[in-house]
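Student: Next comes final.cif, mmCIF, C-alpha atoms:
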data_work
loop_
_atom_site.label_atom_id
_atom_site.label_comp_id
_atom_site.auth_asym_id
_atom_site.auth_seq_id
_atom_site.Cartn_x
_atom_site.Cartn_y
_atom_site.Cartn_z
CA MET A 279 151.41 31.24 -42.27
CA ILE A 280 153.92 34.10 -42.07
CA ARG A 281 157.54 33.06 -41.70
CA PRO A 282 160.55 35.35 -42.00
CA THR A 283 163.10 34.78 -44.73
CA LEU A 284 166.29 33.97 -42.85
CA ASP A 285 169.82 33.64 -44.19
CA LYS A 286 171.29 32.21 -41.01
CA ILE A 287 170.52 31.35 -37.40
CA LEU A 288 173.18 31.84 -34.74
CA VAL A 289 172.83 29.94 -31.45
CA ASP A 290 174.81 30.92 -28.37
CA PRO A 291 176.41 27.73 -26.96
CA ALA A 292 175.21 28.73 -23.48
CA VAL A 293 171.59 28.08 -24.50
CA ALA A 294 172.04 25.35 -27.12
CA ALA A 295 170.49 22.69 -24.86
CA THR A 296 167.36 24.70 -23.97
CA PRO A 297 163.94 23.69 -25.36
CA ILE A 298 163.70 26.96 -27.31
CA ALA A 299 167.08 26.52 -29.04
CA ARG A 300 166.34 22.87 -29.82
CA ALA A 301 162.98 23.84 -31.32
CA VAL A 302 164.63 26.49 -33.50
CA SER A 303 167.14 23.96 -34.82
CA ARG A 304 164.40 21.39 -35.39
CA ASN A 305 162.13 23.80 -37.27
CA ALA A 306 164.79 25.71 -39.24
CA GLY A 307 164.13 23.87 -42.48
CA GLY A 308 166.91 24.66 -44.92
CA VAL A 309 168.24 27.65 -42.98
CA GLU A 310 171.82 27.24 -41.75
CA VAL A 311 172.04 26.95 -37.95
CA ILE A 312 175.51 27.65 -36.60
CA GLU A 313 177.13 28.13 -33.23
CA ALA A 314 177.62 31.79 -32.41
CA PRO A 315 181.34 32.50 -32.16
CA ALA A 316 182.57 33.48 -28.72
CA GLY A 317 182.98 37.23 -28.28
CA GLY A 318 182.19 40.00 -30.70
CA VAL A 319 179.27 38.42 -32.54
CA GLU A 320 176.72 40.99 -31.40
CA GLU A 321 179.05 43.86 -32.22
CA ALA A 322 179.35 42.51 -35.76
CA LEU A 323 175.58 42.09 -36.02
CA ARG A 324 175.05 45.72 -35.03
CA ARG A 325 176.68 46.72 -38.31
CA LEU A 326 173.93 45.05 -40.33
CA GLY A 327 171.57 47.37 -42.14
CA LEU A 328 167.83 47.68 -41.51
CA THR A 329 166.89 45.22 -44.23
CA GLU A 330 169.85 42.83 -44.00
CA GLY A 331 169.48 42.45 -40.23
CA LYS A 332 165.94 41.10 -40.55
CA ARG A 333 167.38 37.98 -42.22
CA VAL A 334 169.58 36.96 -39.27
CA LEU A 335 168.33 35.36 -36.05
CA LEU A 336 170.38 35.17 -32.85
CA VAL A 337 169.27 32.75 -30.11
CA LYS A 338 170.79 33.78 -26.80
CA GLU A 339 170.31 34.21 -23.07
CA PHE A 340 168.49 37.21 -21.67
CA ARG A 341 170.39 38.96 -18.92
CA GLY A 342 168.78 41.57 -16.76
CA ARG A 343 165.16 42.35 -15.96
CA SER A 344 162.76 41.13 -18.63
CA PHE A 345 159.45 41.85 -16.85
CA LYS A 346 158.70 45.59 -16.96
CA GLN A 347 156.02 48.25 -17.09
CA CYS A 348 154.88 49.30 -20.56
CA GLN A 349 156.54 52.44 -21.95
CA GLY A 350 153.09 54.07 -22.10
CA LEU A 351 153.26 54.79 -18.36
CA LYS A 352 154.19 58.45 -18.71
CA GLU A 353 152.71 61.43 -17.00
CA GLU A 354 151.27 62.95 -20.18
CA TYR A 355 149.33 59.76 -21.03
CA ALA A 356 146.42 57.83 -19.69
CA CYS A 357 147.73 54.29 -19.24
CA CYS A 358 146.27 50.82 -18.77
CA ASN A 359 149.37 49.58 -16.84
CA LEU A 360 150.18 46.71 -19.15
CA HIS A 361 153.33 44.83 -18.18
CA THR A 362 155.69 43.57 -20.86
CA LEU A 363 157.92 40.52 -21.14
CA ALA A 364 161.00 40.47 -23.36
CA GLU A 365 160.89 37.13 -25.19
CA GLY A 366 162.77 38.58 -28.13
CA ASN A 367 163.73 41.72 -30.05
CA GLY A 368 163.21 42.78 -33.63
CA CYS A 369 160.71 41.96 -36.36
CA ALA A 370 161.09 40.63 -39.90
CA MET A 371 157.88 42.26 -41.08
CA GLU A 372 158.11 45.69 -42.71
CA CYS A 373 155.55 48.12 -41.34
CA THR A 374 156.48 51.56 -42.62
CA TYR A 375 155.58 53.21 -39.32
CA CYS A 376 157.40 50.71 -37.08
CA ILE A 377 159.31 52.51 -34.35
CA LEU A 378 161.75 49.62 -34.06
CA GLN A 379 163.58 50.93 -37.14
CA HIS A 380 164.37 54.03 -35.07
CA TYR A 381 164.50 52.57 -31.57
CA MET A 382 166.61 49.42 -31.90
CA THR A 383 170.40 49.67 -31.86
CA SER A 384 170.69 46.25 -33.56
CA GLN A 385 168.50 45.27 -36.50
CA HIS A 386 168.93 41.49 -36.33
CA LEU A 387 166.23 39.29 -34.80
CA THR A 388 166.82 37.97 -31.29
CA VAL A 389 165.12 35.19 -29.35
CA PHE A 390 165.82 34.72 -25.65
CA ALA A 391 166.05 31.01 -24.92
CA ASN A 392 166.27 30.95 -21.11
CA VAL A 393 162.52 30.67 -20.72
CA ASP A 394 162.80 29.16 -17.22
CA ASP A 395 164.46 32.34 -15.96
CA LEU A 396 161.81 34.54 -17.60
CA GLN A 397 159.04 32.50 -16.03
CA ALA A 398 160.69 32.60 -12.60
CA GLU A 399 160.87 36.40 -12.82
CA ILE A 400 157.16 36.61 -13.63
CA GLN A 401 156.33 34.17 -10.84
CA ARG A 402 158.14 36.29 -8.26
CA ALA A 403 156.51 39.51 -9.42
CA VAL A 404 152.90 38.37 -9.59
CA SER A 405 153.04 36.32 -6.39
CA SER A 406 154.08 39.45 -4.47
CA GLU A 407 150.68 41.07 -5.24
CA PRO A 408 148.16 38.21 -5.16
CA GLU A 409 145.07 40.46 -5.24
CA ARG A 410 146.09 42.14 -8.48
CA ILE A 411 145.64 40.56 -11.92
CA PHE A 412 148.66 41.33 -14.11
CA ARG A 413 148.20 41.71 -17.86
CA VAL A 414 151.47 40.67 -19.49
CA GLY A 415 152.21 41.31 -23.17
CA THR A 416 155.09 39.96 -25.26
CA GLY A 417 154.57 42.16 -28.33
CA GLU A 418 156.37 45.38 -27.39
CA LEU A 419 159.73 44.87 -29.15
CA SER A 420 158.73 41.99 -31.40
CA ASP A 421 155.65 40.31 -32.81
CA SER A 422 154.39 37.70 -30.33
CA LEU A 423 153.73 34.97 -32.93
CA LEU A 424 155.97 35.71 -35.91
CA LEU A 425 158.73 33.33 -34.77
CA ASP A 426 156.49 30.89 -32.91
CA PRO A 427 156.61 28.28 -35.73
CA LEU A 428 160.37 28.24 -35.11
CA THR A 429 160.61 28.63 -31.34
CA GLU A 430 157.38 26.96 -30.17
CA SER A 431 157.48 29.47 -27.32
CA THR A 432 153.70 29.43 -26.85
CA ARG A 433 153.89 25.75 -25.91
CA HIS A 434 155.83 26.86 -22.83
CA MET A 435 154.19 30.18 -22.02
CA VAL A 436 150.49 29.37 -22.44
CA PRO A 437 150.51 26.44 -19.96
CA PHE A 438 152.68 28.49 -17.60
CA PHE A 439 150.17 31.35 -17.47
CA ARG A 440 147.35 28.86 -17.01
CA SER A 441 149.09 27.87 -13.77
CA LEU A 442 149.26 31.45 -12.44
CA PRO A 443 146.19 32.50 -10.46
CA ASN A 444 146.61 36.25 -11.04
CA ALA A 445 148.17 36.86 -14.45
CA VAL A 446 146.99 36.80 -18.04
CA LEU A 447 149.22 36.58 -21.11
CA GLU A 448 148.52 38.73 -24.18
CA LEU A 449 150.00 37.58 -27.48
CA ARG A 450 149.85 40.47 -29.97
CA THR A 451 150.45 39.79 -33.65
CA LYS A 452 150.01 40.77 -37.29
CA THR A 453 150.35 37.18 -38.44
CA ASP A 454 148.06 34.17 -38.66
CA ASN A 455 150.56 31.87 -36.89
CA VAL A 456 148.19 30.20 -34.44
CA GLU A 457 148.86 26.51 -35.16
CA ASN A 458 150.76 25.89 -31.94
CA LEU A 459 147.94 27.41 -29.88
CA LEU A 460 145.12 25.23 -31.08
CA ASP A 461 145.78 22.11 -29.00
CA LEU A 462 146.91 23.83 -25.79
CA GLU A 463 144.98 23.85 -22.52
CA HIS A 464 144.89 27.61 -21.90
CA GLY A 465 142.18 27.92 -19.26
CA GLY A 466 141.21 31.34 -20.60
CA LYS A 467 144.50 32.77 -19.27
CA THR A 468 145.88 33.78 -22.68
CA VAL A 469 144.39 36.57 -24.80
CA VAL A 470 145.36 36.33 -28.47
CA ALA A 471 145.28 39.85 -29.92
CA TRP A 472 145.56 41.26 -33.41
CA SER A 473 146.70 44.66 -34.62
CA LEU A 474 144.30 45.65 -37.39
CA ASN A 475 144.00 48.26 -40.13
CA PRO A 476 141.77 48.46 -43.20
CA PRO A 477 143.16 46.64 -46.27
CA GLU A 478 143.90 49.91 -48.06
CA VAL A 479 146.26 50.82 -45.19
CA GLY A 480 147.67 47.35 -44.63
CA GLU A 481 148.57 46.73 -48.27
CA ARG A 482 150.54 49.97 -48.46
CA GLU A 483 151.94 50.39 -44.94
CA GLU A 484 152.10 46.89 -43.35
CA LEU A 485 154.37 44.96 -45.69
CA LYS A 486 155.18 41.26 -45.20
CA THR A 487 152.32 40.88 -42.71
CA ALA A 488 149.31 38.58 -42.95
CA PRO A 489 146.39 40.10 -44.90
CA LEU A 490 143.42 41.26 -42.86
CA GLU A 491 141.33 38.28 -43.98
CA ALA A 492 143.98 35.84 -42.76
CA ARG A 493 144.31 37.59 -39.40
CA LEU A 494 140.56 37.49 -38.86
CA ARG A 495 140.34 33.82 -39.86
CA ALA A 496 143.01 33.07 -37.27
CA ALA A 497 141.16 35.14 -34.67
CA SER A 498 137.97 33.24 -35.39
CA GLU A 499 139.82 29.93 -35.04
CA VAL A 500 141.33 30.68 -31.64
CA ALA A 501 138.01 32.08 -30.43
CA ARG A 502 136.39 28.75 -31.33
CA ARG A 503 139.07 27.10 -29.19
CA GLY A 504 137.94 29.23 -26.25
CA TYR A 505 140.68 31.86 -26.22
CA PRO A 506 139.72 35.43 -25.34
CA VAL A 507 140.60 37.70 -28.28
CA GLY A 508 141.87 41.27 -28.34
CA PHE A 509 141.83 43.83 -31.13
CA HIS A 510 144.20 46.80 -31.41
CA LEU A 511 143.31 49.40 -34.03
CA ASP A 512 146.68 51.03 -33.62
CA PRO A 513 148.07 52.95 -35.35
CA MET A 514 144.97 54.26 -37.07
CA VAL A 515 145.94 56.06 -40.27
CA HIS A 516 144.12 59.00 -41.78
CA TYR A 517 143.43 58.64 -45.52
CA GLU A 518 140.70 59.52 -47.97
CA GLY A 519 137.73 57.34 -47.12
CA TRP A 520 138.97 56.42 -43.63
CA GLN A 521 135.49 56.65 -42.04
CA ASP A 522 134.11 53.91 -44.28
CA GLY A 523 137.32 51.90 -44.08
CA TYR A 524 137.42 51.72 -40.30
CA SER A 525 133.68 51.16 -40.05
CA ARG A 526 134.01 48.12 -42.33
CA LEU A 527 137.04 46.96 -40.37
CA VAL A 528 135.15 47.00 -37.08
CA ALA A 529 132.22 45.16 -38.63
CA ALA A 530 134.53 42.49 -40.06
CA ALA A 531 136.33 42.03 -36.73
CA PHE A 532 133.11 41.46 -34.80
CA GLU A 533 131.75 39.22 -37.52
CA ALA A 534 134.85 37.03 -37.12
CA VAL A 535 134.75 37.05 -33.31
CA PRO A 536 131.51 37.65 -31.37
CA PRO A 537 131.64 40.57 -28.89
CA GLU A 538 131.34 38.28 -25.88
CA GLN A 539 134.64 36.62 -26.88
CA VAL A 540 136.54 39.92 -27.27
CA ALA A 541 138.37 40.91 -24.09
CA TRP A 542 139.35 44.45 -25.07
CA VAL A 543 139.84 46.84 -27.97
CA SER A 544 142.49 49.57 -27.92
CA LEU A 545 142.59 52.59 -30.22
CA GLY A 546 145.62 54.71 -31.10
CA THR A 547 146.53 56.93 -34.00
CA LEU A 548 149.75 57.24 -36.00
CA ARG A 549 152.73 58.61 -34.05
CA PHE A 550 156.48 58.47 -34.55
CA PRO A 551 159.63 60.49 -33.75
CA PRO A 552 160.32 63.33 -36.21
CA GLU A 553 163.65 61.74 -37.10
CA MET A 554 161.79 58.78 -38.61
CA LYS A 555 160.47 60.89 -41.49
CA GLY A 556 163.75 60.51 -43.33
CA THR A 557 163.91 56.77 -42.63
CA ILE A 558 160.39 56.25 -43.98
CA ALA A 559 161.17 58.32 -47.08
CA ALA A 560 164.37 56.37 -47.79
CA ARG A 561 163.08 52.86 -47.12
CA PHE A 562 159.44 53.21 -48.19
CA PRO A 563 159.13 55.96 -50.83
CA ARG A 564 155.57 54.85 -51.68
CA SER A 565 154.39 55.43 -48.11
CA GLU A 566 152.13 58.43 -47.61
CA LEU A 567 152.45 58.57 -43.82
CA ARG A 568 154.93 61.42 -43.62
CA HIS A 569 152.59 63.67 -45.65
CA GLY A 570 149.82 63.60 -43.03
CA GLU A 571 148.61 66.53 -40.91
CA LEU A 572 151.22 65.94 -38.20
CA ILE A 573 152.40 68.12 -35.33
CA ARG A 574 154.91 67.56 -32.56
CA GLY A 575 153.28 66.55 -29.28
CA ALA A 576 154.33 66.92 -25.65
CA ASP A 577 156.06 63.53 -25.89
CA GLY A 578 158.26 64.77 -28.74
CA LYS A 579 156.59 62.52 -31.32
CA LEU A 580 154.66 63.57 -34.40
CA HIS A 581 150.89 63.05 -34.04
CA TYR A 582 147.85 63.96 -36.05
CA VAL A 583 146.35 67.24 -34.85
CA ARG A 584 144.13 66.73 -31.83
CA PRO A 585 140.72 67.49 -33.46
CA LEU A 586 141.44 64.92 -36.16
CA ARG A 587 142.44 62.25 -33.62
CA ILE A 588 139.28 62.86 -31.62
CA GLU A 589 137.14 62.64 -34.75
CA MET A 590 138.75 59.34 -35.72
CA TYR A 591 138.34 57.84 -32.24
CA ARG A 592 134.69 58.90 -31.95
CA SER A 593 133.90 57.39 -35.33
CA VAL A 594 135.41 54.03 -34.40
CA VAL A 595 133.83 54.00 -30.91
CA GLN A 596 130.43 54.52 -32.55
CA ALA A 597 131.14 51.64 -34.94
CA ILE A 598 132.09 49.39 -32.02
CA GLU A 599 128.94 50.34 -30.11
CA SER A 600 126.81 49.38 -33.10
CA CYS A 601 128.47 45.93 -33.21
CA ALA A 602 128.73 45.34 -29.45
CA PRO A 603 125.79 47.16 -27.83
CA GLU A 604 125.73 45.00 -24.67
CA ARG A 605 128.30 46.62 -22.40
CA ASP A 606 128.44 43.86 -19.80
CA ALA A 607 128.93 41.17 -22.47
CA GLY A 608 131.30 43.10 -24.71
CA PRO A 609 134.88 44.34 -24.64
CA VAL A 610 136.43 47.23 -22.76
CA VAL A 611 137.46 49.98 -25.19
CA TYR A 612 140.36 52.27 -24.33
CA LEU A 613 142.88 54.65 -25.90
CA CYS A 614 146.61 54.09 -26.13
CA MET A 615 149.16 56.86 -25.48
CA GLU A 616 146.67 59.72 -25.32
CA PRO A 617 146.36 62.51 -22.71
CA PRO A 618 143.35 62.81 -20.42
CA ASP A 619 141.65 65.62 -22.33
CA VAL A 620 141.50 63.48 -25.48
CA TRP A 621 139.89 60.65 -23.51
CA LYS A 622 137.30 63.08 -22.15
CA ARG A 623 136.48 64.44 -25.61
CA VAL A 624 136.06 60.89 -26.93
CA PHE A 625 134.15 59.23 -24.08
CA GLY A 626 132.47 62.32 -22.60
CA GLN A 627 133.13 61.49 -18.97
CA GLU A 628 135.36 62.72 -16.17
CA PRO A 629 138.52 60.75 -15.37
CA PRO A 630 138.87 58.02 -12.80
CA PRO A 631 142.38 57.52 -11.41
CA ASN A 632 144.91 55.57 -13.43
CA ASP A 633 144.70 52.52 -11.22
CA GLU A 634 140.99 52.20 -12.01
CA ILE A 635 141.70 51.70 -15.71
CA GLU A 636 143.87 48.71 -14.89
CA MET A 637 141.29 47.37 -12.45
CA ARG A 638 138.43 47.73 -14.94
CA LEU A 639 140.33 45.82 -17.59
CA ALA A 640 141.21 43.12 -15.06
CA GLY A 641 137.69 43.05 -13.63
CA SER A 642 136.02 42.72 -17.03
CA TYR A 643 138.43 39.97 -18.05
CA HIS A 644 137.96 38.11 -14.74
CA ARG A 645 134.16 38.31 -14.79
CA ARG A 646 133.83 37.19 -18.40
CA PHE A 647 136.56 34.59 -18.83
CA VAL A 648 137.94 33.16 -15.56
CA PRO A 649 135.42 33.87 -12.76
CA ASP A 650 136.18 30.70 -10.82
CA THR A 651 139.94 30.33 -11.21
CA SER A 652 141.59 33.57 -10.10
CA PRO A 653 141.15 36.18 -7.36
CA ARG A 654 138.51 38.83 -7.93
CA PRO A 655 140.24 42.20 -8.56
CA ARG A 656 139.97 44.67 -5.69
CA LEU A 657 140.61 48.38 -6.20
CA GLU A 658 142.77 48.62 -3.09
CA ALA A 659 145.29 46.28 -4.70
CA TYR A 660 145.67 48.64 -7.66
CA ARG A 661 145.91 51.92 -5.76
CA ARG A 662 149.55 51.19 -5.05
CA VAL A 663 150.31 51.74 -8.75
CA ARG A 664 151.99 55.10 -9.32
CA SER A 665 153.45 57.11 -12.15
CA PRO A 666 157.23 57.59 -12.45
CA SER A 667 156.95 60.81 -10.37
CA GLY A 668 155.25 58.95 -7.54
CA GLU A 669 151.85 60.57 -8.11
CA GLY A 670 148.71 58.90 -9.36
CA VAL A 671 148.17 59.48 -13.07
CA PRO A 672 144.75 61.06 -13.81
CA VAL A 673 142.99 59.36 -16.70
CA LEU A 674 139.51 59.08 -18.04
CA ARG A 675 136.66 56.71 -17.89
CA LEU A 676 136.74 53.61 -20.03
CA LYS A 677 134.04 52.55 -22.41
CA SER A 678 132.98 49.28 -20.82
#
Rewrite the structure of this file - the entire thing - as structure tokens.
Tutor:
Amino acid sequence: MIRPTLDKILVDPAVAATPIARAVSRNAGGVEVIEAPAGGVEEALRRLGLTEGKRVLLVKEFRGRSFKQCQGLKEEYACCNLHTLAEGNGCAMECTYCILQHYMTSQHLTVFANVDDLQAEIQRAVSSEPERIFRVGTGELSDSLLLDPLTESTRHMVPFFRSLPNAVLELRTKTDNVENLLDLEHGGKTVVAWSLNPPEVGEREELKTAPLEARLRAASEVARRGYPVGFHLDPMVHYEGWQDGYSRLVAAAFEAVPPEQVAWVSLGTLRFPPEMKGTIAARFPRSELRHGELIRGADGKLHYVRPLRIEMYRSVVQAIESCAPERDAGPVVYLCMEPPDVWKRVFGQEPPPNDEIEMRLAGSYHRRFVPDTSPRPRLEAYRRVRSPSGEGVPVLRLKS
């Protein structure tokens, strides 16, 4: 089990009586739990460095809108329309490519304890569109399960999503922290998903994470308990021998979890803002990421050159097809943060509209995991989804 090394836990008095805060205090072990001083505490925490901040946890109230559209919904990308929920911010693991070390203004870990308010916000949003199945992920600004042994958040969220007729929770992780999930009645409404890379990438670039073998054992365990499983090969990293490495990774993933139990697989290659090159060099001098064949894309981030990305995606799609040849019984495969022409070069088909990607993911999930307990997705319910400019986003056909 992966647990962060904490020096202290600060609890805002406003949330001290909540189930999340009580669980943190109960599970803290020998870590000091103290009341956060009134005023100025977060300003002081902002001065913590990248490494020091990962050893401090703040438990507080979330204020504002926590239920949002994924940042991938941009006009230059094909997008699956995942929604995100802010349960916390920050991560104690040390992936060299992690954009949080560039994106976050505060490096300390944060858990939002007002879970009732977060759930009420989700309830209002999904009930307003009852014919649309919402996919809701908690792993955008933090790992979904890293702090779960402390917070026991899944004991609140998994039963809550089971009660919603038209929403599915995705827990995305690089840990093996699944203990709290194993005795929950989930009703197929929670997908437990793992970010994966070959061991030769993980050992060098994904520090303080669970080894691949541990992640896949955990995936196998939750699959045996009936949970749908997701796999995210993202970010894929180019290195000598990558073809064999990713082929073996795909084979190991589908050996651990049979294709019929895998809801979806996403693929994405390494990308990060140019300014992060210096951060990676200073914090992780052994990392080889910044030496790759990288160019600046339309989104301002550094990406591998397009022919290389396409080659990598095609290779992995072929490996998935060899492990999961039955399309109707296997996962939907899609790309993350890629433009339409890359999708076309990978999958060889013309684009459906953006809303159809979301509907296909929802339809596959509904048909395979919860056919009798939620509304059947209808395309008309998804055609209201628009890009930030108000126009439909053209994207390409999924492998499904």
Student: Counting only C-alpha atoms, which of A:Gln385, A:Thr651, A:Gln347, A:Ser420 gets nearest to Glu321 in chain A?
Tutor: A:Gln385
Student: Enumerate, as a PyMOL selection string, the protein, DNA and RNA residues whose atoms approach (170.0, 25.2, -24.6) to within 12 Å, taking into account all atoms listed in the file and the coordinate frame of the file.
Tutor: chain A and resi 289-303+313+337-339+390-394
Student: Mind giving me the straight-line distance from CA of Lys579 in chain A to CA of Leu378 in chain A in Å, one decimal?
Tutor: 14.2 Å
Student: Just say which residues the PyMOL selection byres ((chain A and resi 508) around 9) picks in this file, as a ChimeraX atom specification.
Tutor: /A:448-450,469-473,497,506-507,509-510,539-544,609
Student: Using all atoms listed in the file, what residues lie at most 9 Å away from (163.6, 55.2, -35.4) (file coordinates), given as an MDAnalysis selection string?
Tutor: chainID A and resid 376:382 550:555 557
Student: Under the PyMOL selection byres ((chain A and resi 374) around 10), which residues of this model are included? Write them out as a list of chain:residue names.
Tutor: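 Answer for the PyMOL selection byres ((chain A and resi 374) around 10): A:Met371, A:Glu372, A:Cys373, A:Tyr375, A:Cys376, A:Ile377, A:Gln379, A:Gly480, A:Arg482, A:Glu483, A:Glu484, A:Leu485, A:Met554, A:Thr557, A:Ile558, A:Ala559, A:Arg561, A:Phe562, A:Pro563, A:Arg564, A:Ser565, A:Glu566, A:Leu567.
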Student: Quick one: of A:Asn632, A:Met279, A:Phe412, A:Gly465, who's nearest to Pro489 in chain A, counting only C-alpha atoms?
Tutor: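 Distance minimum relative to Pro489 in chain A lands on A:Met279.
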Student: Under the rule that only C-alpha atoms are counted, which of A:Arg324, A:His464, A:Lys286, A:Arg526 is the nearest residue to Ala597 in chain A?
Tutor: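 Between A:Arg324, A:His464, A:Lys286, A:Arg526, the residue approaching Ala597 in chain A most closely is A:Arg526.
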Student: So what do you get for CA of Asn359 in chain A versus CA of Ala607 in chain A, distance-wise?
Tutor: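 Going from CA of Asn359 in chain A over to CA of Ala607 in chain A, I get 22.8 Å.
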Student: What's the 10 Å shell around Glu533 in chain A, counting all atoms listed in the file, without same-chain residues fewer than 6 positions away, as a CSV table (one decimal) with C-alpha atoms, in the frame of the given file?
Tutor:
chain,number,residue,atom,x,y,z
A,494,LEU,CA,140.6,37.5,-38.9
A,498,SER,CA,138.0,33.2,-35.4
A,527,LEU,CA,137.0,47.0,-40.4
A,601,CYS,CA,128.5,45.9,-33.2
Student: Counting all atoms listed in the file, figure out which residue out of A:Cys357, A:Leu639, A:Ile598, A:Ala488 gets nearest to Met615 in chain A.
Tutor: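 Closest candidate: A:Cys357.
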Student: Need to verify the contact set: range 440-442 of chain A, 9 Å, all atoms listed in the file, exclusion of same-chain residues closer than 5 positions in sequence. Can you return it as a ChimeraX atom specification?
Tutor: /A:401,404-405,435,447,463-468,652
Student: Between A:Ala501, A:Pro477, A:Ala356, A:His516, which has the minimum distance to Pro630 in chain A (counting all atoms listed in the file)?
Tutor: A:Ala356
Student: Got a sec to resolve the PyMOL selection byres ((chain A and resi 517) around 10) on this structure and send the residues as a PDB file with C-alpha atoms, in the frame of the given file?
Tutor:
ATOM      1  CA  GLU A 478     143.900  49.910 -48.060  1.00  0.00           C
ATOM      2  CA  VAL A 479     146.260  50.820 -45.190  1.00  0.00           C
ATOM      3  CA  MET A 514     144.970  54.260 -37.070  1.00  0.00           C
ATOM      4  CA  VAL A 515     145.940  56.060 -40.270  1.00  0.00           C
ATOM      5  CA  HIS A 516     144.120  59.000 -41.780  1.00  0.00           C
ATOM      6  CA  GLU A 518     140.700  59.520 -47.970  1.00  0.00           C
ATOM      7  CA  GLY A 519     137.730  57.340 -47.120  1.00  0.00           C
ATOM      8  CA  TRP A 520     138.970  56.420 -43.630  1.00  0.00           C
ATOM      9  CA  GLN A 521     135.490  56.650 -42.040  1.00  0.00           C
ATOM     10  CA  GLY A 523     137.320  51.900 -44.080  1.00  0.00           C
ATOM     11  CA  GLU A 566     152.130  58.430 -47.610  1.00  0.00           C
ATOM     12  CA  LEU A 567     152.450  58.570 -43.820  1.00  0.00           C
ATOM     13  CA  GLY A 570     149.820  63.600 -43.030  1.00  0.00           C
TER      14      GLY A 570
END
Student: Once N, CA and C atoms are restored for range 371-383 of chain A, what would the output be as a PDB file, in the coordinates of the input?
Tutor:
ATOM      1  N   MET A 371     158.884  41.602 -40.260  1.00  0.00           N
ATOM      2  CA  MET A 371     157.880  42.260 -41.080  1.00  0.00           C
ATOM      3  C   MET A 371     158.317  43.705 -41.333  1.00  0.00           C
ATOM      4  N   GLU A 372     157.661  44.366 -42.274  1.00  0.00           N
ATOM      5  CA  GLU A 372     158.110  45.690 -42.710  1.00  0.00           C
ATOM      6  C   GLU A 372     156.960  46.689 -42.661  1.00  0.00           C
ATOM      7  N   CYS A 373     156.539  47.066 -41.471  1.00  0.00           N
ATOM      8  CA  CYS A 373     155.550  48.120 -41.340  1.00  0.00           C
ATOM      9  C   CYS A 373     156.269  49.460 -41.471  1.00  0.00           C
ATOM     10  N   THR A 374     155.767  50.310 -42.338  1.00  0.00           N
ATOM     11  CA  THR A 374     156.480  51.560 -42.620  1.00  0.00           C
ATOM     12  C   THR A 374     156.588  52.443 -41.397  1.00  0.00           C
ATOM     13  N   TYR A 375     155.624  52.346 -40.492  1.00  0.00           N
ATOM     14  CA  TYR A 375     155.580  53.210 -39.320  1.00  0.00           C
ATOM     15  C   TYR A 375     156.279  52.606 -38.107  1.00  0.00           C
ATOM     16  N   CYS A 376     156.873  51.430 -38.240  1.00  0.00           N
ATOM     17  CA  CYS A 376     157.400  50.710 -37.080  1.00  0.00           C
ATOM     18  C   CYS A 376     158.504  51.488 -36.388  1.00  0.00           C
ATOM     19  N   ILE A 377     158.334  51.735 -35.099  1.00  0.00           N
ATOM     20  CA  ILE A 377     159.310  52.510 -34.350  1.00  0.00           C
ATOM     21  C   ILE A 377     160.582  51.726 -34.085  1.00  0.00           C
ATOM     22  N   LEU A 378     160.542  50.410 -34.285  1.00  0.00           N
ATOM     23  CA  LEU A 378     161.750  49.620 -34.060  1.00  0.00           C
ATOM     24  C   LEU A 378     162.873  50.028 -35.000  1.00  0.00           C
ATOM     25  N   GLN A 379     162.530  50.515 -36.198  1.00  0.00           N
ATOM     26  CA  GLN A 379     163.580  50.930 -37.140  1.00  0.00           C
ATOM     27  C   GLN A 379     164.299  52.188 -36.666  1.00  0.00           C
ATOM     28  N   HIS A 380     163.730  52.857 -35.682  1.00  0.00           N
ATOM     29  CA  HIS A 380     164.370  54.030 -35.070  1.00  0.00           C
ATOM     30  C   HIS A 380     164.918  53.700 -33.685  1.00  0.00           C
ATOM     31  N   TYR A 381     164.225  52.809 -32.980  1.00  0.00           N
ATOM     32  CA  TYR A 381     164.500  52.570 -31.570  1.00  0.00           C
ATOM     33  C   TYR A 381     165.617  51.564 -31.337  1.00  0.00           C
ATOM     34  N   MET A 382     165.670  50.514 -32.159  1.00  0.00           N
ATOM     35  CA  MET A 382     166.610  49.420 -31.900  1.00  0.00           C
ATOM     36  C   MET A 382     168.022  49.802 -32.344  1.00  0.00           C
ATOM     37  N   THR A 383     168.996  49.438 -31.508  1.00  0.00           N
ATOM     38  CA  THR A 383     170.400  49.670 -31.860  1.00  0.00           C
ATOM     39  C   THR A 383     170.951  48.542 -32.724  1.00  0.00           C
TER      40      THR A 383
END
